Every structure is written in structure tokens, then in C-alpha cells.
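One file, target.tsv, is given below (TSV, C-alpha atoms).
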```tsv
chain	number	residue	atom	x	y	z
A	17	MET	CA	0.00	0.00	0.00
A	18	LEU	CA	1.43	3.37	-1.02
A	19	LYS	CA	0.71	5.34	2.14
A	20	PRO	CA	3.66	7.36	3.45
A	21	GLY	CA	4.53	6.73	7.10
A	22	LEU	CA	2.55	3.50	7.39
A	23	GLU	CA	4.69	0.67	8.78
A	24	GLN	CA	4.04	-2.57	6.90
A	25	VAL	CA	5.39	-6.04	7.63
A	26	GLN	CA	6.25	-8.26	4.70
A	27	PHE	CA	7.99	-11.61	5.09
A	28	GLY	CA	9.11	-10.77	8.62
A	29	ARG	CA	10.60	-7.36	7.79
A	30	THR	CA	9.11	-3.96	8.59
A	31	TYR	CA	9.03	-1.29	5.88
A	32	ARG	CA	7.62	2.17	5.46
A	33	ILE	CA	7.46	4.65	2.61
A	34	ARG	CA	8.28	8.32	2.90
A	35	GLU	CA	7.86	11.07	0.37
A	36	ASP	CA	10.99	12.82	-0.85
A	37	SER	CA	11.00	16.13	-2.77
A	38	GLU	CA	13.81	15.01	-5.10
A	39	LEU	CA	13.38	11.24	-5.37
A	40	GLY	CA	9.61	10.88	-5.19
A	41	TYR	CA	9.28	8.06	-2.67
A	42	VAL	CA	11.83	6.23	-0.51
A	43	VAL	CA	11.24	2.75	0.88
A	44	GLU	CA	12.83	2.38	4.29
A	45	LEU	CA	13.66	-0.89	6.05
A	46	LYS	CA	13.58	-1.13	9.85
A	47	ARG	CA	16.85	-2.33	11.37
A	48	GLY	CA	16.46	-2.58	15.13
A	49	ASP	CA	14.80	0.68	16.15
A	50	VAL	CA	16.02	2.67	13.13
A	51	PHE	CA	14.73	2.89	9.57
A	52	VAL	CA	17.35	2.87	6.79
A	53	GLU	CA	16.84	3.77	3.14
A	54	ALA	CA	16.47	0.74	0.89
A	55	VAL	CA	15.33	2.06	-2.49
A	56	ALA	CA	13.78	5.13	-4.09
A	57	PHE	CA	11.21	5.31	-6.86
A	58	GLY	CA	8.91	7.71	-8.67
A	59	LEU	CA	5.52	7.31	-10.23
A	60	HIS	CA	6.55	8.50	-13.69
A	61	TYR	CA	6.12	6.32	-16.75
A	62	ALA	CA	9.18	4.28	-17.74
A	63	GLU	CA	9.99	2.54	-21.01
A	64	GLU	CA	11.62	-0.88	-21.15
A	65	SER	CA	14.76	0.82	-22.45
A	66	ASP	CA	15.00	2.71	-19.15
A	67	PHE	CA	15.85	-0.59	-17.45
A	68	GLU	CA	18.01	-2.25	-20.08
A	69	MET	CA	21.31	-0.55	-19.25
A	70	SER	CA	21.10	-1.08	-15.49
A	71	ASN	CA	20.01	-4.68	-15.99
A	72	TYR	CA	22.89	-5.26	-18.39
A	73	TYR	CA	25.35	-3.73	-15.92
A	74	THR	CA	24.23	-5.75	-12.90
A	75	SER	CA	24.15	-9.02	-14.83
A	76	SER	CA	27.33	-8.77	-16.88
A	77	TYR	CA	29.81	-6.12	-15.66
A	78	PRO	CA	32.89	-8.01	-14.36
A	79	ASP	CA	33.01	-6.09	-11.05
A	80	SER	CA	29.27	-6.24	-10.36
A	81	PRO	CA	28.50	-8.05	-7.09
A	82	PHE	CA	25.90	-10.06	-9.00
A	83	VAL	CA	28.73	-11.46	-11.14
A	84	THR	CA	31.50	-11.77	-8.54
A	85	ARG	CA	29.51	-13.28	-5.67
A	86	MET	CA	27.07	-16.11	-5.14
A	87	MET	CA	23.78	-14.79	-3.81
A	88	CYS	CA	20.24	-15.99	-3.58
A	89	THR	CA	17.29	-14.84	-1.47
A	90	LEU	CA	13.73	-16.04	-1.13
A	91	PRO	CA	10.95	-14.57	1.02
A	92	ALA	CA	9.28	-17.15	3.24
A	93	PHE	CA	6.40	-17.11	5.71
A	94	GLU	CA	7.38	-14.49	8.32
A	95	GLY	CA	10.97	-14.46	7.13
A	96	ARG	CA	13.49	-15.07	4.42
A	97	TYR	CA	16.20	-17.48	3.25
A	98	THR	CA	19.46	-15.95	2.00
A	99	ILE	CA	22.77	-17.22	0.64
A	100	ARG	CA	25.71	-14.83	0.29
A	101	ASP	CA	28.78	-16.68	-0.86
A	102	ASN	CA	29.22	-19.38	1.78
A	103	LEU	CA	26.84	-17.90	4.40
A	104	PHE	CA	23.30	-19.30	4.63
A	105	LYS	CA	20.84	-17.29	6.74
A	106	ILE	CA	17.34	-18.15	7.86
A	107	GLU	CA	15.32	-15.20	9.19
A	108	GLN	CA	12.09	-16.28	10.82
A	109	GLY	CA	9.93	-14.97	13.64
A	110	GLY	CA	12.34	-12.14	14.42
A	111	ARG	CA	15.31	-14.50	14.83
A	112	THR	CA	18.21	-15.17	12.48
A	113	SER	CA	20.31	-18.31	12.25
A	114	GLU	CA	23.50	-18.45	10.21
A	115	THR	CA	25.34	-21.46	8.84
A	116	LEU	CA	28.55	-21.62	6.84
A	117	LEU	CA	27.97	-23.62	3.68
A	118	LYS	CA	30.37	-26.31	2.64
A	119	ALA	CA	30.72	-27.80	-0.81
A	120	SER	CA	29.08	-30.96	0.52
A	121	THR	CA	25.96	-29.14	1.76
A	122	VAL	CA	25.23	-26.41	-0.80
A	123	GLN	CA	23.32	-28.64	-3.22
A	124	ASN	CA	20.95	-29.83	-0.48
A	125	VAL	CA	20.37	-26.26	0.83
A	126	LEU	CA	19.61	-24.92	-2.66
A	127	GLU	CA	17.17	-27.74	-3.35
A	128	THR	CA	15.49	-27.80	0.08
A	129	TYR	CA	15.07	-24.08	0.71
A	130	PHE	CA	15.07	-22.53	-2.78
A	131	GLY	CA	13.72	-25.32	-4.99
A	132	VAL	CA	16.84	-25.11	-7.17
A	133	VAL	CA	18.04	-28.42	-8.61
A	134	LEU	CA	21.60	-28.20	-9.88
A	135	THR	CA	23.06	-30.05	-12.80
A	136	ALA	CA	26.25	-31.95	-12.03
A	137	ASP	CA	28.31	-29.32	-13.87
A	138	MET	CA	26.71	-26.42	-12.00
A	139	ASN	CA	27.14	-28.19	-8.66
A	140	ALA	CA	30.84	-28.73	-9.44
A	141	TYR	CA	31.20	-25.05	-10.38
A	142	ILE	CA	29.54	-23.86	-7.15
A	143	CYS	CA	31.55	-26.30	-5.02
A	144	ASP	CA	34.75	-25.02	-6.63
A	145	TYR	CA	33.64	-21.44	-5.94
A	146	LEU	CA	32.92	-22.21	-2.28
A	147	GLU	CA	36.39	-23.70	-1.88
A	148	ARG	CA	37.84	-20.29	-2.87
A	149	VAL	CA	35.76	-17.98	-0.64
```
What is this file in C-alpha cells?
Amino acid sequence: MLKPGLEQVQFGRTYRIREDSELGYVVELKRGDVFVEAVAFGLHYAEESDFEMSNYYTSSYPDSPFVTRMMCTLPAFEGRYTIRDNLFKIEQGGRTSETLLKASTVQNVLETYFGVVLTADMNAYICDYLERV
């Protein structure tokens, strides 16, 4: 709901939207007792071409974190599952658990929590990557 100031809980996280004279609207994420800026957006019309360059950058630029790191996140009931390199986090009910992934466990975590079934080649690639981080 686009109502500035209203705190809304989605997947275990609390957000609010505030109006900004330059950016339009800013989505803020609550961290502890403080809200931090997450993303800004406007209500103006956008063409597909407006997104092409940023999408190309994030998916292909050699120094982009989406190219240089392994990451995956999935909202879940009252929480979220996240992988960042070799760290697997489960956020649920206001609590967070963290586990270091090993090459021997990553395939099971991806399949169990994210529904991702790896080919043998992709599993070997990810296991090799995890050995280096």
C-alpha cells in the first residue's frame, strides 16, 4: 500500500514509505529501532529501455556483485532465506540463524530451501567457488 509513514510487515521485515522532494518516494527498512533507506522510486512512466542498461550492468559487468559473488534470497512465511557466498541465513519470527555452507551441503540447501536443482556441472562449479571464498 502506497501510504507514506505506514509501517508494513512483509515476510518478517518492517518497511515504510516516505515522500521525498527530489526522489519521489523512498522505501525504508527497519533495522532494530532505526529505519534505513532501501530504495527510491517515482511514479513517472518508464519505457523498457529505461531498465536495459542497469540490468545489463548488474548481470554482466565483471566487477558487479551479482557477477563476482554467489547470492540468492527467497521470502518465506514471516521471514526469508538468503545465501551470500558461503553464508546461509534463515530469518524467521524475528530471529536469524546463520550457517557456513560447505561444498558438501550447498546442493541440499539450494534444493530444500530454494527449490533449485543443480546439474552436475553447475554443482561442481559452485563447489569449486565455495572452496575459494
Surrounding residues of segment 40-51 of chain A excluding itself and chain neighbours under 2 positions, 10 Å, only C-alpha atoms, as a list in words: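 So the residues in contact are Leu18, Pro20, Gly21, Glu23, Gln24, Val25, Arg29, Thr30, Tyr31, Arg32, Ile33, Arg34, Glu35, Asp36, Ser37, Glu38, Glu53, Ala54, Val55, Ala56, Phe57, Gly58, Leu59 and His60 of chain A.
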Using 5 Å of padding on each side, determine the axis-aligned box around all atoms of segment 36-51 of chain A present in the file and give its centre and edge lengths in Å to one decimal, as lines of an AutoDock Vina configuration file.
```
center_x = 13.1
center_y = 6.8
center_z = 5.4
size_x = 17.6
size_y = 28.7
size_z = 31.5
```
Coordinates-based distance that separates atom CA of Tyr73 of chain A from atom CA of Val133 of chain A (Å, one decimal): 26.8 Å
Neighbour list for Phe130 of chain A as a ChimeraX atom specification, cut-off 7 Å, all atoms listed in the file, skip fewer than 3 positions in-chain: /A:90,126-127
Shortest interatomic distance to Gly110 of chain A - which of A:Asn124, A:Phe93, A:Thr74, A:Asp137, counting all atoms listed in the file: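 Counting all atoms listed in the file, the residue closest to Gly110 of chain A is A:Phe93.
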Which residue of A:Gln26, A:Thr135, A:Thr128, A:Leu146 approaches Met87 of chain A most closely, using only C-alpha atoms: A:Leu146
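With only C-alpha atoms as the atoms that count, the minimum distance from Val125 of chain A to the choices A:Met138, A:Leu39, A:Val149, A:Cys88 is reached by A:Cys88.
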Which of A:Ser70, A:Tyr129, A:Asn102, A:Leu22 sits closest to Leu116 of chain A [using all atoms listed in the file]: A:Asn102
